[in-house]
file my_file.pdb (PDB, C-alpha atoms, pLDDT in the B column)
ATOM      1  CA  LEU G   5     -17.972  20.100  51.696  1.00 44.00           C
ATOM      2  CA  HIS G   6     -17.995  23.317  53.731  1.00 41.00           C
ATOM      3  CA  ALA G   7     -14.766  22.292  55.466  1.00 41.00           C
ATOM      4  CA  SER G   8     -13.171  21.543  52.090  1.00 41.00           C
ATOM      5  CA  LYS G   9     -14.092  24.981  50.742  1.00 37.00           C
ATOM      6  CA  THR G  10     -12.773  26.618  53.892  1.00 39.00           C
ATOM      7  CA  LEU G  11      -9.454  24.778  53.559  1.00 38.00           C
ATOM      8  CA  THR G  12      -9.183  25.729  49.893  1.00 39.00           C
ATOM      9  CA  ALA G  13      -9.846  29.386  50.683  1.00 39.00           C
ATOM     10  CA  TYR G  14      -7.248  29.277  53.443  1.00 36.00           C
ATOM     11  CA  LEU G  15      -4.586  27.798  51.190  1.00 36.00           C
ATOM     12  CA  LEU G  16      -5.246  30.436  48.547  1.00 39.00           C
ATOM     13  CA  CYS G  17      -4.524  33.136  51.086  1.00 38.00           C
ATOM     14  CA  VAL G  18      -1.352  31.646  52.580  1.00 35.00           C
ATOM     15  CA  ARG G  19       1.934  33.160  51.437  1.00 36.00           C
ATOM     16  CA  ILE G  20       5.453  31.992  52.179  1.00 36.00           C
ATOM     17  CA  PHE G  21       8.865  33.498  51.521  1.00 37.00           C
ATOM     18  CA  LEU G  22      11.414  30.914  50.396  1.00 37.00           C
ATOM     19  CA  PRO G  23      14.332  30.794  47.961  1.00 37.00           C
ATOM     20  CA  GLY G  24      12.969  31.214  44.509  1.00 39.00           C
ATOM     21  CA  LYS G  25      12.274  29.728  41.166  1.00 48.00           C
ATOM     22  CA  ILE G  26      11.222  30.780  37.687  1.00 63.00           C
ATOM     23  CA  ILE G  27       8.287  28.719  36.437  1.00 69.00           C
ATOM     24  CA  GLY G  28       7.562  28.157  32.739  1.00 72.00           C
ATOM     25  CA  GLY G  29      10.572  30.104  31.512  1.00 80.00           C
ATOM     26  CA  HIS G  30      13.941  29.326  29.965  1.00 85.00           C
ATOM     27  CA  GLU G  31      17.628  29.947  30.555  1.00 91.00           C
ATOM     28  CA  ALA G  32      18.612  33.531  29.869  1.00 94.00           C
ATOM     29  CA  ILE G  33      21.355  34.415  27.406  1.00 96.00           C
ATOM     30  CA  PRO G  34      24.436  34.678  29.643  1.00 96.00           C
ATOM     31  CA  HIS G  35      24.915  38.222  30.967  1.00 97.00           C
ATOM     32  CA  SER G  36      21.968  39.605  28.975  1.00 97.00           C
ATOM     33  CA  ARG G  37      20.670  41.055  32.258  1.00 98.00           C
ATOM     34  CA  PRO G  38      23.834  42.678  33.638  1.00 98.00           C
ATOM     35  CA  TYR G  39      21.895  44.432  36.391  1.00 98.00           C
ATOM     36  CA  MET G  40      20.923  41.195  38.149  1.00 98.00           C
ATOM     37  CA  ALA G  41      22.259  40.554  41.642  1.00 97.00           C
ATOM     38  CA  PHE G  42      22.307  37.242  43.480  1.00 96.00           C
ATOM     39  CA  LEU G  43      21.973  37.678  47.251  1.00 95.00           C
ATOM     40  CA  GLN G  44      23.394  35.202  49.760  1.00 94.00           C
ATOM     41  CA  ILE G  45      21.759  35.794  53.133  1.00 95.00           C
ATOM     42  CA  LYS G  46      22.311  34.423  56.612  1.00 93.00           C
ATOM     43  CA  THR G  47      19.519  34.744  59.143  1.00 88.00           C
ATOM     44  CA  LEU G  48      19.411  33.580  62.731  1.00 85.00           C
ATOM     45  CA  PHE G  49      18.042  30.186  61.672  1.00 86.00           C
ATOM     46  CA  GLN G  50      19.052  29.510  58.079  1.00 89.00           C
ATOM     47  CA  LYS G  51      20.783  30.504  54.860  1.00 90.00           C
ATOM     48  CA  ILE G  52      18.572  31.803  52.069  1.00 89.00           C
ATOM     49  CA  THR G  53      18.968  33.432  48.670  1.00 91.00           C
ATOM     50  CA  CYS G  54      17.145  36.256  46.930  1.00 93.00           C
ATOM     51  CA  GLY G  55      17.410  38.345  43.809  1.00 94.00           C
ATOM     52  CA  GLY G  56      18.044  42.039  43.450  1.00 97.00           C
ATOM     53  CA  PHE G  57      19.342  44.553  40.931  1.00 98.00           C
ATOM     54  CA  LEU G  58      22.014  47.214  40.733  1.00 98.00           C
ATOM     55  CA  VAL G  59      20.720  50.810  40.760  1.00 98.00           C
ATOM     56  CA  ARG G  60      23.930  52.699  41.626  1.00 97.00           C
ATOM     57  CA  GLU G  61      27.570  51.643  41.864  1.00 96.00           C
ATOM     58  CA  ASP G  62      27.108  50.993  45.573  1.00 96.00           C
ATOM     59  CA  PHE G  63      23.385  50.239  45.868  1.00 98.00           C
ATOM     60  CA  VAL G  64      21.236  47.195  45.104  1.00 98.00           C
ATOM     61  CA  LEU G  65      17.437  47.278  45.296  1.00 98.00           C
ATOM     62  CA  THR G  66      15.583  44.214  46.595  1.00 98.00           C
ATOM     63  CA  ALA G  67      12.668  43.120  48.825  1.00 96.00           C
ATOM     64  CA  ALA G  68      12.649  43.996  52.524  1.00 96.00           C
ATOM     65  CA  HIS G  69      11.752  40.451  53.563  1.00 94.00           C
ATOM     66  CA  CYS G  70      15.135  39.325  52.170  1.00 94.00           C
ATOM     67  CA  ARG G  71      16.988  40.989  55.052  1.00 94.00           C
ATOM     68  CA  GLY G  72      19.447  38.915  57.080  1.00 94.00           C
ATOM     69  CA  SER G  73      22.095  39.302  59.761  1.00 94.00           C
ATOM     70  CA  SER G  74      24.806  38.832  57.141  1.00 95.00           C
ATOM     71  CA  MET G  75      24.400  39.542  53.417  1.00 97.00           C
ATOM     72  CA  LYS G  76      26.596  39.221  50.353  1.00 97.00           C
ATOM     73  CA  VAL G  77      25.892  40.351  46.780  1.00 98.00           C
ATOM     74  CA  ILE G  78      27.174  38.617  43.656  1.00 97.00           C
ATOM     75  CA  LEU G  79      27.109  40.740  40.489  1.00 98.00           C
ATOM     76  CA  GLY G  80      27.998  39.710  36.938  1.00 98.00           C
ATOM     77  CA  ALA G  81      26.883  36.106  37.431  1.00 97.00           C
ATOM     78  CA  HIS G  82      25.189  33.667  35.085  1.00 97.00           C
ATOM     79  CA  ASN G  83      26.110  30.377  36.736  1.00 95.00           C
ATOM     80  CA  ILE G  84      26.156  30.975  40.478  1.00 92.00           C
ATOM     81  CA  LYS G  85      28.048  27.738  41.187  1.00 91.00           C
ATOM     82  CA  GLU G  86      31.003  28.638  38.989  1.00 90.00           C
ATOM     83  CA  ARG G  87      33.720  31.197  39.668  1.00 89.00           C
ATOM     84  CA  GLU G  88      33.138  33.181  36.505  1.00 95.00           C
ATOM     85  CA  SER G  89      35.711  35.879  35.815  1.00 96.00           C
ATOM     86  CA  SER G  90      32.847  38.358  35.395  1.00 97.00           C
ATOM     87  CA  GLN G  91      31.601  37.893  38.949  1.00 98.00           C
ATOM     88  CA  GLN G  92      32.033  40.550  41.623  1.00 98.00           C
ATOM     89  CA  VAL G  93      31.350  39.447  45.192  1.00 98.00           C
ATOM     90  CA  ILE G  94      30.656  42.382  47.493  1.00 98.00           C
ATOM     91  CA  PRO G  95      29.523  42.259  51.157  1.00 98.00           C
ATOM     92  CA  VAL G  96      26.588  44.439  52.198  1.00 98.00           C
ATOM     93  CA  LYS G  97      27.597  47.345  54.413  1.00 97.00           C
ATOM     94  CA  ARG G  98      24.091  48.462  55.342  1.00 96.00           C
ATOM     95  CA  ALA G  99      20.600  47.016  54.752  1.00 97.00           C
ATOM     96  CA  ILE G 100      17.987  49.785  54.605  1.00 97.00           C
ATOM     97  CA  PRO G 101      14.404  48.460  54.532  1.00 97.00           C
ATOM     98  CA  HIS G 102      11.598  50.948  53.964  1.00 97.00           C
ATOM     99  CA  PRO G 103      10.866  52.671  57.293  1.00 96.00           C
ATOM    100  CA  ASN G 104       7.243  51.538  57.196  1.00 94.00           C
ATOM    101  CA  TYR G 105       8.049  47.890  56.484  1.00 94.00           C
ATOM    102  CA  GLN G 106       6.975  45.583  59.305  1.00 85.00           C
ATOM    103  CA  ARG G 107       7.790  41.884  59.558  1.00 80.00           C
ATOM    104  CA  LYS G 108       4.342  41.362  61.102  1.00 76.00           C
ATOM    105  CA  LYS G 109       2.842  42.774  57.899  1.00 76.00           C
ATOM    106  CA  PRO G 110       5.468  41.664  55.345  1.00 72.00           C
ATOM    107  CA  HIS G 111       3.336  42.346  52.288  1.00 84.00           C
ATOM    108  CA  LEU G 112       3.333  46.123  52.651  1.00 92.00           C
ATOM    109  CA  ASN G 113       6.301  48.381  51.812  1.00 95.00           C
ATOM    110  CA  ASP G 114       8.319  45.285  50.883  1.00 96.00           C
ATOM    111  CA  ILE G 115      11.296  47.158  49.477  1.00 97.00           C
ATOM    112  CA  MET G 116      14.897  47.547  50.651  1.00 98.00           C
ATOM    113  CA  LEU G 117      18.112  49.227  49.553  1.00 98.00           C
ATOM    114  CA  LEU G 118      21.433  47.495  50.164  1.00 98.00           C
ATOM    115  CA  GLN G 119      24.477  49.716  50.455  1.00 97.00           C
ATOM    116  CA  LEU G 120      27.556  47.798  49.311  1.00 97.00           C
ATOM    117  CA  LYS G 121      30.880  47.950  51.151  1.00 96.00           C
ATOM    118  CA  LYS G 122      32.543  49.109  47.951  1.00 96.00           C
ATOM    119  CA  LYS G 123      31.241  50.297  44.621  1.00 96.00           C
ATOM    120  CA  ALA G 124      30.814  47.814  41.796  1.00 98.00           C
ATOM    121  CA  ASN G 125      33.134  47.956  38.818  1.00 98.00           C
ATOM    122  CA  LEU G 126      30.853  48.708  35.860  1.00 98.00           C
ATOM    123  CA  THR G 127      31.501  46.456  32.848  1.00 98.00           C
ATOM    124  CA  ASP G 128      29.537  44.985  29.954  1.00 97.00           C
ATOM    125  CA  LYS G 129      28.409  42.283  32.407  1.00 98.00           C
ATOM    126  CA  VAL G 130      27.689  44.553  35.405  1.00 98.00           C
ATOM    127  CA  SER G 131      25.529  47.638  34.939  1.00 98.00           C
ATOM    128  CA  PHE G 132      22.432  49.464  36.162  1.00 97.00           C
ATOM    129  CA  LEU G 133      18.746  48.912  35.485  1.00 98.00           C
ATOM    130  CA  ARG G 134      16.714  52.067  34.920  1.00 98.00           C
ATOM    131  CA  LEU G 135      14.239  53.031  37.594  1.00 98.00           C
ATOM    132  CA  PRO G 136      10.779  54.420  36.760  1.00 98.00           C
ATOM    133  CA  THR G 137       9.542  57.957  37.170  1.00 97.00           C
ATOM    134  CA  LYS G 138       7.376  58.762  40.175  1.00 96.00           C
ATOM    135  CA  THR G 139       4.272  58.786  37.950  1.00 95.00           C
ATOM    136  CA  ALA G 140       5.029  55.656  35.903  1.00 95.00           C
ATOM    137  CA  GLN G 141       2.172  53.191  35.445  1.00 92.00           C
ATOM    138  CA  VAL G 142       1.793  49.677  34.082  1.00 95.00           C
ATOM    139  CA  THR G 143      -1.505  48.537  32.587  1.00 95.00           C
ATOM    140  CA  PRO G 144      -3.271  45.161  32.440  1.00 96.00           C
ATOM    141  CA  GLY G 145      -2.193  43.168  29.412  1.00 96.00           C
ATOM    142  CA  MET G 146       1.290  44.701  29.272  1.00 97.00           C
ATOM    143  CA  VAL G 147       3.987  42.059  28.747  1.00 96.00           C
ATOM    144  CA  CYS G 148       6.996  42.305  31.058  1.00 96.00           C
ATOM    145  CA  SER G 149       9.680  39.882  32.227  1.00 95.00           C
ATOM    146  CA  VAL G 150      11.245  38.592  35.403  1.00 94.00           C
ATOM    147  CA  ALA G 151      14.391  36.561  36.044  1.00 93.00           C
ATOM    148  CA  GLY G 152      16.068  34.652  38.840  1.00 91.00           C
ATOM    149  CA  TRP G 153      18.124  31.660  39.963  1.00 86.00           C
ATOM    150  CA  GLY G 154      16.904  28.456  41.608  1.00 64.00           C
ATOM    151  CA  SER G 155      14.355  25.708  41.070  1.00 59.00           C
ATOM    152  CA  THR G 156      12.339  25.615  37.857  1.00 56.00           C
ATOM    153  CA  GLY G 157       9.731  23.172  39.115  1.00 54.00           C
ATOM    154  CA  VAL G 158       9.149  20.392  41.634  1.00 53.00           C
ATOM    155  CA  LYS G 159      12.502  18.701  42.299  1.00 49.00           C
ATOM    156  CA  LYS G 160      13.996  20.589  39.335  1.00 57.00           C
ATOM    157  CA  THR G 161      16.931  22.818  40.095  1.00 60.00           C
ATOM    158  CA  THR G 162      19.182  25.093  38.098  1.00 74.00           C
ATOM    159  CA  VAL G 163      22.251  27.160  38.873  1.00 87.00           C
ATOM    160  CA  THR G 164      21.941  29.438  35.833  1.00 91.00           C
ATOM    161  CA  LEU G 165      19.823  32.556  35.451  1.00 93.00           C
ATOM    162  CA  HIS G 166      16.352  31.830  34.058  1.00 92.00           C
ATOM    163  CA  GLU G 167      13.763  34.272  32.729  1.00 93.00           C
ATOM    164  CA  VAL G 168      10.102  34.316  31.761  1.00 91.00           C
ATOM    165  CA  GLU G 169       7.613  36.716  30.182  1.00 93.00           C
ATOM    166  CA  VAL G 170       4.584  37.613  32.304  1.00 94.00           C
ATOM    167  CA  LYS G 171       1.492  39.754  31.832  1.00 96.00           C
ATOM    168  CA  ILE G 172       0.198  42.511  34.070  1.00 96.00           C
ATOM    169  CA  GLN G 173      -3.216  41.658  35.539  1.00 96.00           C
ATOM    170  CA  THR G 174      -6.007  43.771  36.995  1.00 95.00           C
ATOM    171  CA  ASP G 175      -5.987  44.641  40.688  1.00 94.00           C
ATOM    172  CA  GLN G 176      -9.246  42.731  41.041  1.00 94.00           C
ATOM    173  CA  GLU G 177      -7.468  39.543  40.000  1.00 94.00           C
ATOM    174  CA  CYS G 178      -5.055  39.715  42.945  1.00 94.00           C
ATOM    175  CA  MET G 179      -7.713  40.974  45.350  1.00 93.00           C
ATOM    176  CA  PHE G 180      -9.549  37.703  44.690  1.00 93.00           C
ATOM    177  CA  TYR G 181      -6.555  35.619  45.789  1.00 92.00           C
ATOM    178  CA  PHE G 182      -4.881  37.802  48.413  1.00 91.00           C
ATOM    179  CA  LYS G 183      -6.430  39.566  51.386  1.00 88.00           C
ATOM    180  CA  SER G 184      -3.160  41.473  51.793  1.00 87.00           C
ATOM    181  CA  TYR G 185      -3.216  42.926  48.271  1.00 90.00           C
ATOM    182  CA  TYR G 186      -3.677  46.598  49.031  1.00 82.00           C
ATOM    183  CA  ASN G 187      -4.172  48.491  45.769  1.00 76.00           C
ATOM    184  CA  GLU G 188      -2.459  49.780  42.658  1.00 78.00           C
ATOM    185  CA  SER G 189      -0.694  52.486  44.679  1.00 87.00           C
ATOM    186  CA  VAL G 190       1.758  50.024  46.266  1.00 94.00           C
ATOM    187  CA  HIS G 191       1.303  46.705  44.456  1.00 96.00           C
ATOM    188  CA  ILE G 192       1.289  45.294  40.912  1.00 96.00           C
ATOM    189  CA  CYS G 193      -0.629  42.106  40.064  1.00 96.00           C
ATOM    190  CA  VAL G 194       1.365  39.937  37.651  1.00 95.00           C
ATOM    191  CA  GLY G 195       0.802  36.599  35.905  1.00 93.00           C
ATOM    192  CA  ASP G 196      -2.216  34.949  34.284  1.00 88.00           C
ATOM    193  CA  HIS G 197      -3.653  32.248  36.560  1.00 86.00           C
ATOM    194  CA  ASN G 198      -4.464  30.176  33.456  1.00 80.00           C
ATOM    195  CA  ILE G 199      -0.834  30.127  32.280  1.00 78.00           C
ATOM    196  CA  ASN G 200       1.816  28.625  34.542  1.00 72.00           C
ATOM    197  CA  LYS G 201       4.481  31.226  33.893  1.00 71.00           C
ATOM    198  CA  SER G 202       5.748  33.104  36.910  1.00 65.00           C
ATOM    199  CA  SER G 203       8.455  33.927  39.341  1.00 73.00           C
ATOM    200  CA  SER G 204       7.897  31.987  42.503  1.00 60.00           C
ATOM    201  CA  GLN G 205       8.696  31.663  46.227  1.00 61.00           C
ATOM    202  CA  GLY G 206      11.687  33.886  46.533  1.00 54.00           C
ATOM    203  CA  ASP G 207      12.955  35.032  43.204  1.00 79.00           C
ATOM    204  CA  SER G 208      12.029  37.566  45.809  1.00 89.00           C
ATOM    205  CA  GLY G 209      13.696  40.916  45.339  1.00 94.00           C
ATOM    206  CA  GLY G 210      14.221  40.497  41.606  1.00 94.00           C
ATOM    207  CA  PRO G 211      12.942  43.149  39.191  1.00 96.00           C
ATOM    208  CA  LEU G 212       9.826  43.150  37.045  1.00 97.00           C
ATOM    209  CA  VAL G 213      11.186  44.660  33.835  1.00 98.00           C
ATOM    210  CA  CYS G 214       8.839  46.436  31.427  1.00 98.00           C
ATOM    211  CA  ASN G 215      10.323  48.115  28.351  1.00 97.00           C
ATOM    212  CA  ASP G 216      13.794  48.045  29.919  1.00 97.00           C
ATOM    213  CA  VAL G 217      12.632  49.780  33.114  1.00 98.00           C
ATOM    214  CA  ALA G 218      12.252  48.225  36.579  1.00 98.00           C
ATOM    215  CA  GLN G 219       8.596  48.652  37.513  1.00 98.00           C
ATOM    216  CA  GLY G 220       8.198  46.081  40.273  1.00 97.00           C
ATOM    217  CA  ILE G 221       9.984  43.930  42.850  1.00 97.00           C
ATOM    218  CA  VAL G 222       9.051  40.272  43.408  1.00 94.00           C
ATOM    219  CA  SER G 223       7.232  40.198  46.751  1.00 93.00           C
ATOM    220  CA  PHE G 224       4.779  37.363  47.482  1.00 90.00           C
ATOM    221  CA  ALA G 225       2.566  34.667  45.984  1.00 86.00           C
ATOM    222  CA  LYS G 226       0.258  31.768  46.779  1.00 83.00           C
ATOM    223  CA  GLN G 227       1.777  28.854  48.665  1.00 78.00           C
ATOM    224  CA  ASP G 228       1.794  26.615  45.585  1.00 77.00           C
ATOM    225  CA  GLY G 229       3.690  29.273  43.627  1.00 76.00           C
ATOM    226  CA  THR G 230       1.185  29.505  40.785  1.00 84.00           C
ATOM    227  CA  PRO G 231       0.288  32.924  39.328  1.00 90.00           C
ATOM    228  CA  PRO G 232      -0.779  35.583  39.852  1.00 93.00           C
ATOM    229  CA  ARG G 233       2.017  36.986  41.998  1.00 91.00           C
ATOM    230  CA  VAL G 234       2.275  40.323  43.773  1.00 93.00           C
ATOM    231  CA  TYR G 235       5.098  42.800  43.134  1.00 94.00           C
ATOM    232  CA  THR G 236       6.003  45.964  45.020  1.00 96.00           C
ATOM    233  CA  LYS G 237       5.319  48.983  42.789  1.00 97.00           C
ATOM    234  CA  ILE G 238       8.629  50.850  42.530  1.00 98.00           C
ATOM    235  CA  SER G 239       7.286  54.170  41.227  1.00 97.00           C
ATOM    236  CA  SER G 240       5.390  54.688  44.497  1.00 97.00           C
ATOM    237  CA  PHE G 241       8.686  54.533  46.409  1.00 98.00           C
ATOM    238  CA  MET G 242      10.903  56.622  44.133  1.00 98.00           C
ATOM    239  CA  ARG G 243      11.050  59.592  46.510  1.00 97.00           C
ATOM    240  CA  TRP G 244      12.282  57.323  49.323  1.00 98.00           C
ATOM    241  CA  ILE G 245      14.786  55.588  47.010  1.00 98.00           C
ATOM    242  CA  GLU G 246      16.246  58.853  45.743  1.00 97.00           C
ATOM    243  CA  GLU G 247      16.419  60.503  49.174  1.00 96.00           C
ATOM    244  CA  THR G 248      17.984  57.428  50.776  1.00 97.00           C
ATOM    245  CA  MET G 249      20.713  57.027  48.161  1.00 96.00           C
ATOM    246  CA  ARG G 250      21.389  60.760  48.206  1.00 94.00           C
ATOM    247  CA  SER G 251      21.948  60.633  51.960  1.00 93.00           C
ATOM    248  CA  PHE G 252      24.827  58.174  51.632  1.00 86.00           C
ATOM    249  CA  LYS G 253      28.049  59.211  49.959  1.00 73.00           C
ATOM    250  CA  LEU G 254      29.190  57.031  47.066  1.00 66.00           C
ATOM    251  CA  GLN G 255      31.671  54.502  48.445  1.00 57.00           C
ATOM    252  CA  GLY G 256      35.153  54.298  47.000  1.00 51.00           C
ATOM    253  CA  PRO G 257      37.156  51.085  46.479  1.00 48.00           C
ATOM    254  CA  ASP G 258      38.536  49.266  49.515  1.00 46.00           C
TER
END
call {"tool": "encode", "arguments": {"input": "my_file.pdb", "output": "structure tokens"}}
result
Amino acid sequence: LHASKTLTAYLLCVRIFLPGKIIGGHEAIPHSRPYMAFLQIKTLFQKITCGGFLVREDFVLTAAHCRGSSMKVILGAHNIKERESSQQVIPVKRAIPHPNYQRKKPHLNDIMLLQLKKKANLTDKVSFLRLPTKTAQVTPGMVCSVAGWGSTGVKKTTVTLHEVEVKIQTDQECMFYFKSYYNESVHICVGDHNINKSSSQGDSGGPLVCNDVAQGIVSFAKQDGTPPRVYTKISSFMRWIEETMRSFKLQGPD
């Protein structure tokens, strides 16, 4: 019995970063989230995908653990397997993870800016998502949403953007499940453990949207993908985001 409890506790604390899924949601209205970015990433060992979102004509915000040796951003997509006329495929010129992000401690400062090789063409299907103020807060019980591409359950796949509504939880809720949940200054706890609605393993990098503002970035979860899930708190990194984008001149067209 003791061994069983130990194993259960271990599994609750294990996190993995894999291409993602939206659990308990539904297909989004095509192009209703024109800020969404689909990231195709090559690492030394594999190809993975992540989410992200456009914050300037030449910058996408995502999670630092989504970094690869080669990265490409697709904007204006609904069905990622079709060559939609709305899609803009832009290689990443420079990946800029937070300076205090460490792969050995991937749950802290899990935020990254991607500078695109050319600026996006803004249309009704490609546009920005508002960023929060430095003092912005979310409170337990607030209803927000998250979206992404990929599996929607065990052996269930989709190639279209899916979305789901999720509730903000207390910090204590995530502290119970995750030893690496730091506090409300860098993390947001999202998703009721009694309701199987959540982003999961690698909708990573996608935005937590509350009242049309990006408040969080999908970061990590339990191994089984069930809620709650931990998001990077964007407002705590606004100074770094603003200073980093300011330091790079807006790119013109190729």
call {"tool": "closest_residue", "arguments": {"input": "my_file.pdb", "among": "G:Asn113, G:Ser208, G:Ser74, G:Thr162", "to": "Pro95 (chain G)", "atoms": "only C-alpha atoms"}}
result
G:Ser74
call {"tool": "closest_residue", "arguments": {"input": "my_file.pdb", "among": "G:Gln219, G:Thr139, G:Thr164, G:Gln50", "to": "Ile84 (chain G)", "atoms": "only C-alpha atoms"}}
result
G:Thr164
call {"tool": "atom_distance", "arguments": {"input": "my_file.pdb", "atom1": "CA of Gln141 (chain G)", "atom2": "CA of Ile221 (chain G)"}}
result
14.2 Å
call {"tool": "residues_near_point", "arguments": {"input": "my_file.pdb", "point": "(15.5, 26.0, 31.1)", "cutoff": "8 Å", "atoms": "all atoms listed in the file", "output": "list in words"}}
result
Gly29, His30, Glu31, Thr156, Thr162 and His166 of chain G
call {"tool": "atom_distance", "arguments": {"input": "my_file.pdb", "atom1": "CA of Arg37 (chain G)", "atom2": "CA of Gln91 (chain G)"}}
result
13.2 Å
call {"tool": "resolve_selection", "arguments": {"input": "my_file.pdb", "expression": "the PyMOL selection byres ((chain G and resi 78) around 8)", "output": "JSON, numbers by chain"}}
result
{"G": [41, 42, 43, 44, 76, 77, 79, 80, 81, 91, 92, 93, 94]}
call {"tool": "residues_near_point", "arguments": {"input": "my_file.pdb", "point": "(1.0, 41.4, 40.6)", "cutoff": "6 Å", "atoms": "only C-alpha atoms", "output": "ChimeraX atom specification"}}
result
/G:192-194,233-235
call {"tool": "resolve_selection", "arguments": {"input": "my_file.pdb", "expression": "the PyMOL selection byres ((chain G and resi 62-65) around 10)", "output": "mmCIF file with C-alpha atoms, in the frame of the given file"}}
result
data_model
loop_
_atom_site.group_PDB
_atom_site.id
_atom_site.type_symbol
_atom_site.label_atom_id
_atom_site.label_comp_id
_atom_site.auth_asym_id
_atom_site.auth_seq_id
_atom_site.Cartn_x
_atom_site.Cartn_y
_atom_site.Cartn_z
ATOM 1 C CA TYR G 39 21.895 44.432 36.391
ATOM 2 C CA MET G 40 20.923 41.195 38.149
ATOM 3 C CA ALA G 41 22.259 40.554 41.642
ATOM 4 C CA LEU G 43 21.973 37.678 47.251
ATOM 5 C CA GLY G 55 17.410 38.345 43.809
ATOM 6 C CA GLY G 56 18.044 42.039 43.450
ATOM 7 C CA PHE G 57 19.342 44.553 40.931
ATOM 8 C CA LEU G 58 22.014 47.214 40.733
ATOM 9 C CA VAL G 59 20.720 50.810 40.760
ATOM 10 C CA ARG G 60 23.930 52.699 41.626
ATOM 11 C CA GLU G 61 27.570 51.643 41.864
ATOM 12 C CA THR G 66 15.583 44.214 46.595
ATOM 13 C CA ALA G 67 12.668 43.120 48.825
ATOM 14 C CA ALA G 68 12.649 43.996 52.524
ATOM 15 C CA VAL G 77 25.892 40.351 46.780
ATOM 16 C CA LEU G 79 27.109 40.740 40.489
ATOM 17 C CA ILE G 94 30.656 42.382 47.493
ATOM 18 C CA VAL G 96 26.588 44.439 52.198
ATOM 19 C CA LYS G 97 27.597 47.345 54.413
ATOM 20 C CA ARG G 98 24.091 48.462 55.342
ATOM 21 C CA ALA G 99 20.600 47.016 54.752
ATOM 22 C CA ILE G 100 17.987 49.785 54.605
ATOM 23 C CA PRO G 101 14.404 48.460 54.532
ATOM 24 C CA ILE G 115 11.296 47.158 49.477
ATOM 25 C CA MET G 116 14.897 47.547 50.651
ATOM 26 C CA LEU G 117 18.112 49.227 49.553
ATOM 27 C CA LEU G 118 21.433 47.495 50.164
ATOM 28 C CA GLN G 119 24.477 49.716 50.455
ATOM 29 C CA LEU G 120 27.556 47.798 49.311
ATOM 30 C CA LYS G 121 30.880 47.950 51.151
ATOM 31 C CA LYS G 122 32.543 49.109 47.951
ATOM 32 C CA LYS G 123 31.241 50.297 44.621
ATOM 33 C CA ALA G 124 30.814 47.814 41.796
ATOM 34 C CA ASN G 125 33.134 47.956 38.818
ATOM 35 C CA PHE G 132 22.432 49.464 36.162
ATOM 36 C CA GLY G 209 13.696 40.916 45.339
ATOM 37 C CA GLY G 210 14.221 40.497 41.606
ATOM 38 C CA PRO G 211 12.942 43.149 39.191
ATOM 39 C CA ILE G 221 9.984 43.930 42.850
ATOM 40 C CA ILE G 238 8.629 50.850 42.530
ATOM 41 C CA ILE G 245 14.786 55.588 47.010
ATOM 42 C CA MET G 249 20.713 57.027 48.161
ATOM 43 C CA PHE G 252 24.827 58.174 51.632
ATOM 44 C CA LYS G 253 28.049 59.211 49.959
ATOM 45 C CA LEU G 254 29.190 57.031 47.066
ATOM 46 C CA GLN G 255 31.671 54.502 48.445
ATOM 47 C CA GLY G 256 35.153 54.298 47.000
#
call {"tool": "axis_aligned_box", "arguments": {"input": "my_file.pdb", "around": "region 203-220 of chain G", "padding_each_side": "5 Å", "output": "lines of an AutoDock Vina configuration file"}}
result
center_x = 11.1
center_y = 40.7
center_z = 37.4
size_x = 16.3
size_y = 28.1
size_z = 28.2
call {"tool": "residues_around", "arguments": {"input": "my_file.pdb", "residues": "region 110-112 of chain G", "least_positions_apart": "4", "cutoff": "10 Å", "atoms": "all atoms listed in the file", "output": "number ranges by chain"}}
result
G: 19, 21, 67-69, 102, 104-106, 184-186, 190-191, 223-225, 234-236
call {"tool": "closest_residue", "arguments": {"input": "my_file.pdb", "among": "G:Lys138, G:Lys85, G:Lys226, G:Lys171", "to": "Glu246 (chain G)", "atoms": "all atoms listed in the file"}}
result
G:Lys138
call {"tool": "residues_around", "arguments": {"input": "my_file.pdb", "residues": "Leu212 (chain G)", "least_positions_apart": "5", "cutoff": "9 Å", "atoms": "all atoms listed in the file", "output": "NGL selection string"}}
result
:G and (148-151 or 170 or 217-222 or 235)
call {"tool": "atom_distance", "arguments": {"input": "my_file.pdb", "atom1": "CA of Ser36 (chain G)", "atom2": "CA of Lys51 (chain G)"}}
result
27.5 Å
call {"tool": "build_atoms", "arguments": {"input": "my_file.pdb", "residues": "region 167-171 of chain G", "atoms": "N, CA, C and O atoms", "output": "short mmCIF file (atom, residue, chain, number, x, y, z; two decimals), keeping the file's coordinate frame"}}
result
data_model
loop_
_atom_site.label_atom_id
_atom_site.label_comp_id
_atom_site.auth_asym_id
_atom_site.auth_seq_id
_atom_site.Cartn_x
_atom_site.Cartn_y
_atom_site.Cartn_z
N GLU G 167 14.65 33.14 32.94
CA GLU G 167 13.76 34.27 32.73
C GLU G 167 12.44 33.80 32.16
O GLU G 167 12.34 32.71 31.59
N VAL G 168 11.42 34.64 32.30
CA VAL G 168 10.10 34.32 31.76
C VAL G 168 9.33 35.61 31.50
O VAL G 168 9.51 36.60 32.21
N GLU G 169 8.50 35.59 30.46
CA GLU G 169 7.61 36.72 30.18
C GLU G 169 6.32 36.54 30.96
O GLU G 169 5.79 35.43 31.06
N VAL G 170 5.81 37.64 31.51
CA VAL G 170 4.58 37.61 32.30
C VAL G 170 3.72 38.80 31.93
O VAL G 170 4.22 39.82 31.44
N LYS G 171 2.42 38.67 32.16
CA LYS G 171 1.49 39.75 31.83
C LYS G 171 0.96 40.43 33.09
O LYS G 171 0.69 39.79 34.10
#
